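One file, entry_21.txt, is given below (compact mmCIF, N, CA and C atoms).
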# COMPACT_ATOMS: atom_id res chain seq x y z
N MET A 1 0.84 -1.18 0.00
CA MET A 1 0.00 0.00 0.00
C MET A 1 0.88 1.24 0.00
N PRO A 2 0.61 2.21 -0.86
CA PRO A 2 1.42 3.41 -0.88
C PRO A 2 1.32 4.17 0.45
N ARG A 3 2.42 4.78 0.84
CA ARG A 3 2.44 5.55 2.09
C ARG A 3 1.86 6.94 1.85
N ASN A 4 0.97 7.35 2.73
CA ASN A 4 0.36 8.66 2.64
C ASN A 4 -0.02 9.07 4.06
N THR A 5 0.25 10.31 4.44
CA THR A 5 -0.04 10.77 5.81
C THR A 5 -1.45 11.33 5.96
N ASP A 6 -2.26 11.29 4.90
CA ASP A 6 -3.63 11.79 5.00
C ASP A 6 -4.41 11.11 6.12
N GLY A 7 -4.27 9.80 6.23
CA GLY A 7 -5.01 9.04 7.24
C GLY A 7 -4.62 9.42 8.65
N ILE A 8 -3.34 9.71 8.87
CA ILE A 8 -2.88 10.09 10.20
C ILE A 8 -3.49 11.42 10.61
N SER A 9 -3.42 12.42 9.73
CA SER A 9 -3.95 13.73 10.08
C SER A 9 -5.47 13.76 10.11
N THR A 10 -6.11 12.81 9.46
CA THR A 10 -7.57 12.78 9.42
C THR A 10 -8.18 11.89 10.48
N PHE A 11 -7.52 10.79 10.83
CA PHE A 11 -8.11 9.84 11.75
C PHE A 11 -7.34 9.68 13.07
N SER A 12 -6.03 9.57 13.03
CA SER A 12 -5.27 9.30 14.26
C SER A 12 -5.07 10.55 15.12
N THR A 13 -4.60 11.63 14.52
CA THR A 13 -4.33 12.84 15.29
C THR A 13 -5.58 13.38 15.99
N PRO A 14 -6.74 13.45 15.34
CA PRO A 14 -7.93 13.92 16.04
C PRO A 14 -8.28 13.07 17.26
N THR A 15 -8.02 11.77 17.19
CA THR A 15 -8.30 10.89 18.33
C THR A 15 -7.46 11.30 19.53
N VAL A 16 -6.20 11.58 19.29
CA VAL A 16 -5.31 12.05 20.37
C VAL A 16 -5.79 13.41 20.87
N MET A 17 -6.22 14.26 19.97
CA MET A 17 -6.71 15.60 20.36
C MET A 17 -7.95 15.50 21.25
N HIS A 18 -8.84 14.53 20.98
CA HIS A 18 -10.03 14.36 21.81
C HIS A 18 -9.65 13.97 23.24
N PHE A 19 -8.69 13.04 23.36
CA PHE A 19 -8.22 12.65 24.69
C PHE A 19 -7.58 13.84 25.40
N ALA A 20 -6.77 14.61 24.67
CA ALA A 20 -6.10 15.78 25.26
C ALA A 20 -7.12 16.83 25.68
N ALA A 21 -8.14 17.06 24.87
CA ALA A 21 -9.18 18.04 25.22
C ALA A 21 -9.93 17.61 26.47
N ALA A 22 -10.28 16.33 26.55
CA ALA A 22 -10.99 15.81 27.73
C ALA A 22 -10.13 15.99 28.99
N LEU A 23 -8.85 15.70 28.88
CA LEU A 23 -7.94 15.86 30.02
C LEU A 23 -7.79 17.33 30.40
N LEU A 24 -7.63 18.20 29.41
CA LEU A 24 -7.47 19.63 29.69
C LEU A 24 -8.72 20.23 30.33
N ILE A 25 -9.88 19.91 29.80
CA ILE A 25 -11.13 20.43 30.37
C ILE A 25 -11.29 19.93 31.80
N SER A 26 -11.00 18.68 32.04
CA SER A 26 -11.10 18.12 33.39
C SER A 26 -10.16 18.84 34.34
N ALA A 27 -8.93 19.10 33.90
CA ALA A 27 -7.96 19.80 34.73
C ALA A 27 -8.41 21.23 35.03
N VAL A 28 -8.95 21.90 34.03
CA VAL A 28 -9.42 23.28 34.22
C VAL A 28 -10.55 23.31 35.24
N LEU A 29 -11.46 22.36 35.15
CA LEU A 29 -12.64 22.40 36.01
C LEU A 29 -12.39 21.91 37.44
N VAL A 30 -11.30 21.21 37.69
CA VAL A 30 -11.01 20.81 39.07
C VAL A 30 -10.05 21.78 39.77
N ALA A 31 -9.52 22.74 39.04
CA ALA A 31 -8.63 23.72 39.65
C ALA A 31 -9.43 24.61 40.61
N PRO A 32 -8.80 25.10 41.66
CA PRO A 32 -9.51 25.92 42.66
C PRO A 32 -9.64 27.39 42.24
N TRP A 33 -10.52 27.66 41.31
CA TRP A 33 -10.72 29.02 40.80
C TRP A 33 -11.44 29.88 41.84
N GLN A 34 -11.12 31.16 41.85
CA GLN A 34 -11.80 32.10 42.74
C GLN A 34 -13.14 32.55 42.16
N ARG A 35 -13.22 32.61 40.84
CA ARG A 35 -14.45 33.01 40.15
C ARG A 35 -14.75 32.02 39.03
N LEU A 36 -16.01 31.81 38.75
CA LEU A 36 -16.43 30.86 37.71
C LEU A 36 -16.20 31.38 36.29
N LEU A 37 -16.00 32.69 36.16
CA LEU A 37 -15.81 33.27 34.83
C LEU A 37 -14.60 32.68 34.13
N TYR A 38 -13.49 32.53 34.83
CA TYR A 38 -12.24 32.08 34.19
C TYR A 38 -12.30 30.64 33.68
N PRO A 39 -12.75 29.70 34.47
CA PRO A 39 -12.84 28.35 33.89
C PRO A 39 -13.91 28.27 32.80
N GLY A 40 -14.98 29.04 32.94
CA GLY A 40 -16.03 29.04 31.92
C GLY A 40 -15.51 29.54 30.58
N VAL A 41 -14.77 30.64 30.62
CA VAL A 41 -14.20 31.19 29.38
C VAL A 41 -13.16 30.23 28.80
N THR A 42 -12.34 29.65 29.66
CA THR A 42 -11.31 28.72 29.19
C THR A 42 -11.93 27.51 28.52
N VAL A 43 -12.94 26.92 29.15
CA VAL A 43 -13.60 25.74 28.57
C VAL A 43 -14.36 26.13 27.30
N ALA A 44 -14.95 27.31 27.27
CA ALA A 44 -15.63 27.77 26.06
C ALA A 44 -14.64 27.89 24.90
N LEU A 45 -13.45 28.41 25.17
CA LEU A 45 -12.43 28.53 24.12
C LEU A 45 -11.97 27.15 23.64
N ILE A 46 -11.84 26.21 24.56
CA ILE A 46 -11.47 24.84 24.17
C ILE A 46 -12.57 24.25 23.29
N GLY A 47 -13.83 24.43 23.68
CA GLY A 47 -14.95 23.93 22.88
C GLY A 47 -15.01 24.58 21.51
N LEU A 48 -14.79 25.89 21.45
CA LEU A 48 -14.80 26.60 20.17
C LEU A 48 -13.65 26.12 19.28
N TYR A 49 -12.47 25.96 19.87
CA TYR A 49 -11.34 25.44 19.11
C TYR A 49 -11.68 24.04 18.57
N GLY A 50 -12.30 23.21 19.39
CA GLY A 50 -12.68 21.87 18.96
C GLY A 50 -13.63 21.90 17.78
N LEU A 51 -14.60 22.81 17.80
CA LEU A 51 -15.55 22.93 16.69
C LEU A 51 -14.83 23.30 15.39
N VAL A 52 -13.94 24.29 15.48
CA VAL A 52 -13.18 24.71 14.30
C VAL A 52 -12.27 23.58 13.82
N TYR A 53 -11.65 22.89 14.76
CA TYR A 53 -10.76 21.78 14.43
C TYR A 53 -11.51 20.67 13.68
N ILE A 54 -12.71 20.35 14.13
CA ILE A 54 -13.51 19.31 13.48
C ILE A 54 -13.91 19.74 12.07
N LEU A 55 -14.18 21.01 11.88
CA LEU A 55 -14.49 21.50 10.52
C LEU A 55 -13.28 21.32 9.60
N ARG A 56 -12.08 21.54 10.14
CA ARG A 56 -10.86 21.31 9.36
C ARG A 56 -10.71 19.82 9.03
N ILE A 57 -11.01 18.97 10.00
CA ILE A 57 -10.93 17.52 9.78
C ILE A 57 -11.95 17.09 8.72
N ALA A 58 -13.13 17.68 8.73
CA ALA A 58 -14.14 17.37 7.72
C ALA A 58 -13.63 17.74 6.33
N SER A 59 -12.97 18.86 6.24
CA SER A 59 -12.40 19.29 4.97
C SER A 59 -11.32 18.31 4.50
N ARG A 60 -10.47 17.87 5.41
CA ARG A 60 -9.44 16.88 5.07
C ARG A 60 -10.07 15.56 4.63
N THR A 61 -11.14 15.18 5.33
CA THR A 61 -11.81 13.91 5.02
C THR A 61 -12.36 13.93 3.59
N LYS A 62 -12.90 15.05 3.17
CA LYS A 62 -13.42 15.17 1.80
C LYS A 62 -12.31 15.04 0.76
N ARG A 63 -11.11 15.47 1.12
CA ARG A 63 -10.00 15.49 0.16
C ARG A 63 -9.12 14.23 0.19
N LEU A 64 -9.48 13.23 0.98
CA LEU A 64 -8.68 12.00 1.03
C LEU A 64 -8.55 11.40 -0.37
N GLN A 65 -7.36 10.93 -0.70
CA GLN A 65 -7.14 10.39 -2.04
C GLN A 65 -7.06 8.87 -2.08
N LEU A 66 -6.50 8.25 -1.06
CA LEU A 66 -6.33 6.80 -1.07
C LEU A 66 -7.45 6.05 -0.36
N TYR A 67 -8.33 6.79 0.29
CA TYR A 67 -9.41 6.16 1.05
C TYR A 67 -10.63 7.07 0.97
N THR A 68 -11.78 6.47 0.78
CA THR A 68 -13.03 7.23 0.78
C THR A 68 -13.76 6.93 2.08
N ALA A 69 -13.99 7.96 2.86
CA ALA A 69 -14.67 7.79 4.15
C ALA A 69 -16.12 7.36 3.91
N ASP A 70 -16.56 6.37 4.69
CA ASP A 70 -17.95 5.93 4.59
C ASP A 70 -18.78 6.61 5.67
N LEU A 71 -20.06 6.26 5.75
CA LEU A 71 -20.97 6.91 6.71
C LEU A 71 -20.49 6.73 8.14
N GLU A 72 -20.01 5.53 8.47
CA GLU A 72 -19.52 5.27 9.82
C GLU A 72 -18.35 6.19 10.17
N ASP A 73 -17.45 6.41 9.22
CA ASP A 73 -16.33 7.32 9.45
C ASP A 73 -16.84 8.74 9.71
N TRP A 74 -17.79 9.19 8.90
CA TRP A 74 -18.33 10.54 9.07
C TRP A 74 -19.01 10.68 10.43
N VAL A 75 -19.74 9.67 10.85
CA VAL A 75 -20.44 9.75 12.15
C VAL A 75 -19.44 9.83 13.29
N TRP A 76 -18.45 8.92 13.32
CA TRP A 76 -17.57 8.81 14.47
C TRP A 76 -16.39 9.78 14.46
N TYR A 77 -15.98 10.24 13.29
CA TYR A 77 -14.82 11.13 13.22
C TYR A 77 -15.20 12.59 13.01
N ILE A 78 -16.43 12.86 12.57
CA ILE A 78 -16.83 14.25 12.32
C ILE A 78 -18.08 14.63 13.13
N ILE A 79 -19.17 13.94 12.93
CA ILE A 79 -20.45 14.35 13.52
C ILE A 79 -20.44 14.23 15.05
N ALA A 80 -20.08 13.07 15.58
CA ALA A 80 -20.09 12.89 17.04
C ALA A 80 -19.11 13.83 17.75
N PRO A 81 -17.88 14.02 17.25
CA PRO A 81 -17.01 14.99 17.92
C PRO A 81 -17.54 16.42 17.82
N PHE A 82 -18.18 16.74 16.70
CA PHE A 82 -18.76 18.08 16.56
C PHE A 82 -19.85 18.30 17.60
N VAL A 83 -20.67 17.28 17.81
CA VAL A 83 -21.72 17.34 18.85
C VAL A 83 -21.08 17.49 20.23
N ALA A 84 -20.02 16.73 20.50
CA ALA A 84 -19.36 16.79 21.81
C ALA A 84 -18.77 18.17 22.05
N TYR A 85 -18.02 18.70 21.09
CA TYR A 85 -17.43 20.04 21.26
C TYR A 85 -18.51 21.11 21.31
N GLY A 86 -19.61 20.91 20.57
CA GLY A 86 -20.73 21.86 20.64
C GLY A 86 -21.36 21.87 22.02
N ALA A 87 -21.53 20.70 22.62
CA ALA A 87 -22.08 20.62 23.99
C ALA A 87 -21.13 21.27 24.99
N ILE A 88 -19.84 21.05 24.81
CA ILE A 88 -18.85 21.65 25.71
C ILE A 88 -18.88 23.17 25.57
N PHE A 89 -18.90 23.66 24.35
CA PHE A 89 -18.93 25.11 24.12
C PHE A 89 -20.21 25.73 24.69
N ALA A 90 -21.36 25.16 24.33
CA ALA A 90 -22.63 25.71 24.81
C ALA A 90 -22.72 25.63 26.33
N GLY A 91 -22.32 24.50 26.89
CA GLY A 91 -22.34 24.37 28.35
C GLY A 91 -21.44 25.38 29.02
N ALA A 92 -20.28 25.63 28.45
CA ALA A 92 -19.34 26.60 29.04
C ALA A 92 -19.89 28.02 28.97
N VAL A 93 -20.56 28.35 27.87
CA VAL A 93 -21.16 29.69 27.75
C VAL A 93 -22.23 29.87 28.81
N VAL A 94 -23.10 28.88 28.95
CA VAL A 94 -24.16 28.95 29.97
C VAL A 94 -23.55 28.94 31.37
N PHE A 95 -22.52 28.13 31.56
CA PHE A 95 -21.80 28.06 32.84
C PHE A 95 -21.29 29.44 33.24
N THR A 96 -20.78 30.17 32.26
CA THR A 96 -20.18 31.48 32.52
C THR A 96 -21.22 32.54 32.83
N ILE A 97 -22.36 32.50 32.15
CA ILE A 97 -23.30 33.62 32.28
C ILE A 97 -24.53 33.35 33.13
N ALA A 98 -24.87 32.09 33.39
CA ALA A 98 -26.18 31.90 34.01
C ALA A 98 -26.24 30.78 35.04
N LEU A 99 -26.23 29.56 34.61
CA LEU A 99 -26.58 28.44 35.46
C LEU A 99 -25.45 27.41 35.56
N PRO A 100 -24.44 27.68 36.36
CA PRO A 100 -23.32 26.72 36.40
C PRO A 100 -23.71 25.34 36.90
N ASP A 101 -24.71 25.26 37.77
CA ASP A 101 -25.09 23.95 38.30
C ASP A 101 -25.82 23.09 37.27
N LYS A 102 -26.39 23.69 36.23
CA LYS A 102 -27.05 22.94 35.16
C LYS A 102 -26.11 22.74 33.97
N ALA A 103 -25.30 23.74 33.68
CA ALA A 103 -24.44 23.71 32.50
C ALA A 103 -23.33 22.68 32.63
N ASP A 104 -22.95 22.37 33.85
CA ASP A 104 -21.86 21.40 34.01
C ASP A 104 -22.24 20.02 33.48
N PHE A 105 -23.53 19.71 33.40
CA PHE A 105 -23.96 18.44 32.82
C PHE A 105 -23.67 18.40 31.32
N ALA A 106 -23.86 19.52 30.63
CA ALA A 106 -23.55 19.57 29.20
C ALA A 106 -22.05 19.42 28.98
N ILE A 107 -21.27 20.11 29.79
CA ILE A 107 -19.81 20.01 29.66
C ILE A 107 -19.36 18.58 29.96
N ALA A 108 -19.86 18.02 31.04
CA ALA A 108 -19.48 16.64 31.41
C ALA A 108 -19.92 15.65 30.33
N GLY A 109 -21.10 15.84 29.79
CA GLY A 109 -21.57 14.97 28.72
C GLY A 109 -20.67 15.04 27.49
N GLY A 110 -20.26 16.26 27.13
CA GLY A 110 -19.36 16.43 26.00
C GLY A 110 -18.02 15.78 26.24
N VAL A 111 -17.48 15.92 27.45
CA VAL A 111 -16.18 15.32 27.78
C VAL A 111 -16.28 13.79 27.75
N VAL A 112 -17.32 13.24 28.34
CA VAL A 112 -17.49 11.79 28.33
C VAL A 112 -17.68 11.28 26.90
N LEU A 113 -18.43 12.01 26.10
CA LEU A 113 -18.60 11.63 24.70
C LEU A 113 -17.25 11.64 23.98
N LEU A 114 -16.41 12.65 24.23
CA LEU A 114 -15.08 12.67 23.62
C LEU A 114 -14.26 11.45 24.03
N LEU A 115 -14.37 11.07 25.29
CA LEU A 115 -13.63 9.88 25.75
C LEU A 115 -14.10 8.62 25.03
N PHE A 116 -15.41 8.44 24.94
CA PHE A 116 -15.94 7.26 24.24
C PHE A 116 -15.58 7.28 22.75
N ILE A 117 -15.66 8.46 22.14
CA ILE A 117 -15.27 8.59 20.73
C ILE A 117 -13.80 8.24 20.58
N GLY A 118 -12.96 8.74 21.48
CA GLY A 118 -11.53 8.45 21.41
C GLY A 118 -11.24 6.97 21.54
N ILE A 119 -11.90 6.32 22.47
CA ILE A 119 -11.70 4.87 22.65
C ILE A 119 -12.14 4.12 21.41
N ARG A 120 -13.33 4.43 20.93
CA ARG A 120 -13.86 3.74 19.74
C ARG A 120 -12.98 3.99 18.52
N ASN A 121 -12.57 5.25 18.31
CA ASN A 121 -11.78 5.57 17.12
C ASN A 121 -10.37 5.00 17.20
N ALA A 122 -9.79 4.95 18.39
CA ALA A 122 -8.48 4.32 18.54
C ALA A 122 -8.57 2.84 18.15
N TRP A 123 -9.62 2.18 18.60
CA TRP A 123 -9.82 0.78 18.25
C TRP A 123 -10.03 0.64 16.74
N ASP A 124 -10.78 1.54 16.14
CA ASP A 124 -11.05 1.50 14.71
C ASP A 124 -9.76 1.63 13.91
N VAL A 125 -8.91 2.56 14.28
CA VAL A 125 -7.65 2.77 13.57
C VAL A 125 -6.75 1.55 13.71
N VAL A 126 -6.62 1.03 14.93
CA VAL A 126 -5.77 -0.14 15.16
C VAL A 126 -6.28 -1.34 14.37
N THR A 127 -7.58 -1.56 14.38
CA THR A 127 -8.16 -2.67 13.65
C THR A 127 -7.94 -2.50 12.15
N PHE A 128 -8.15 -1.29 11.64
CA PHE A 128 -7.94 -1.03 10.22
C PHE A 128 -6.49 -1.31 9.83
N LEU A 129 -5.55 -0.83 10.64
CA LEU A 129 -4.13 -1.05 10.34
C LEU A 129 -3.77 -2.53 10.39
N ALA A 130 -4.30 -3.24 11.38
CA ALA A 130 -4.00 -4.67 11.50
C ALA A 130 -4.55 -5.46 10.31
N VAL A 131 -5.78 -5.18 9.92
CA VAL A 131 -6.40 -5.89 8.81
C VAL A 131 -5.70 -5.52 7.50
N THR A 132 -5.41 -4.24 7.31
CA THR A 132 -4.74 -3.79 6.09
C THR A 132 -3.34 -4.37 6.01
N SER A 133 -2.62 -4.37 7.12
CA SER A 133 -1.27 -4.92 7.15
C SER A 133 -1.28 -6.41 6.85
N ARG A 134 -2.21 -7.12 7.45
CA ARG A 134 -2.30 -8.58 7.24
C ARG A 134 -2.66 -8.88 5.79
N SER A 135 -3.62 -8.16 5.22
CA SER A 135 -4.03 -8.46 3.84
C SER A 135 -2.94 -8.10 2.84
N SER A 136 -2.13 -7.08 3.11
CA SER A 136 -1.05 -6.75 2.19
C SER A 136 0.11 -7.73 2.33
N ASN A 137 0.27 -8.36 3.50
CA ASN A 137 1.30 -9.37 3.69
C ASN A 137 0.90 -10.70 3.06
N ASP A 138 -0.40 -10.96 2.95
CA ASP A 138 -0.89 -12.21 2.39
C ASP A 138 -0.72 -12.27 0.88
N THR A 139 -0.66 -11.11 0.23
CA THR A 139 -0.56 -11.10 -1.23
C THR A 139 0.85 -11.15 -1.71
Hey, can you dump this file as structure tokens for me?
Amino acid sequence: MPRNTDGISTFSTPTVMHFAAALLISAVLVAPWQRLLYPGVTVALIGLYGLVYILRIASRTKRLQLYTADLEDWVWYIIAPFVAYGAIFAGAVVFTIALPDKADFAIAGGVVLLLFIGIRNAWDVVTFLAVTSRSSNDT
């Protein structure tokens, strides 16, 4: 199989970024802040960055040359992370301006979703590489 880094930047790197975002958001929210404004703004910026990042990944996915993403790829690598980062961003905005005791559920839900997406996508990439490697060795 020809070597191309498209798959790494489209599938592997975002998976690591989801784990890193979940860890960073968790660290921000357990820090002993004096005011809720600072962690709210920080988490909102992380969520906004995640949304923009996923749009970039969607653009890369459309331009893949050696592999055509199927519906399952679009759901797990684009749509679900976009929903997770959207929940984190929206929850952080509400956390900052109005109802921190309710908004934290949206943030927590987005973080947990990122963790599950990361676990599932890591398994998907490893399985794809193992199957692809085995089939190319068999020929």
Neighbouring residues of Thr10 of chain A were defined as those with any atom within 8 Å, considering all atoms listed in the file; residues of the same chain fewer than 4 positions away were excluded. Please report them as a ChimeraX atom specification. /A:5-6,14-15,56-58,60-61,77
Report the distance between atom C of Tyr53 of chain A and atom C of Ala21 of chain A in Å, rounded to one decimal place.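 Computed distance, atom C of Tyr53 of chain A to atom C of Ala21 of chain A, equals 13.2 Å.
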Please report, as an NGL selection string, each residue of chain A to which DSSP assigns helix (DSSP H, G or I) when run on this structure's backbone. :A and (6-30 or 37-62 or 71-97 or 100-138)
Padding of 6 Å on every side, edges along x, y and z, all listed atoms of segment 33-43 of chain A included: what centre and edge lengths in Å, to one decimal, does that box have, as lines of an AutoDock Vina configuration file?
center_x = -13.5
center_y = 29.5
center_z = 35.0
size_x = 17.9
size_y = 19.5
size_z = 27.4
Around the point (-20.9, 24.8, 32.4) (coordinates from the file), which residues reach within 10 Å if we count only C-alpha atoms? Answer as a ChimeraX atom specification. /A:29,36,39-41,43-44,87-108
Give the answer as one residue: which of A:Ile46, A:Val52, A:Ile78, A:Val83 has the shortest atom-to-atom distance to Leu114 of chain A, using only N, CA and C atoms?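 Among A:Ile46, A:Val52, A:Ile78, A:Val83, it is A:Val83 that comes nearest to Leu114 of chain A.
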Atom CA of Thr127 of chain A to atom CA of Leu51 of chain A, straight-line distance in Å: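 Interatomic distance here is 26.8 Å.
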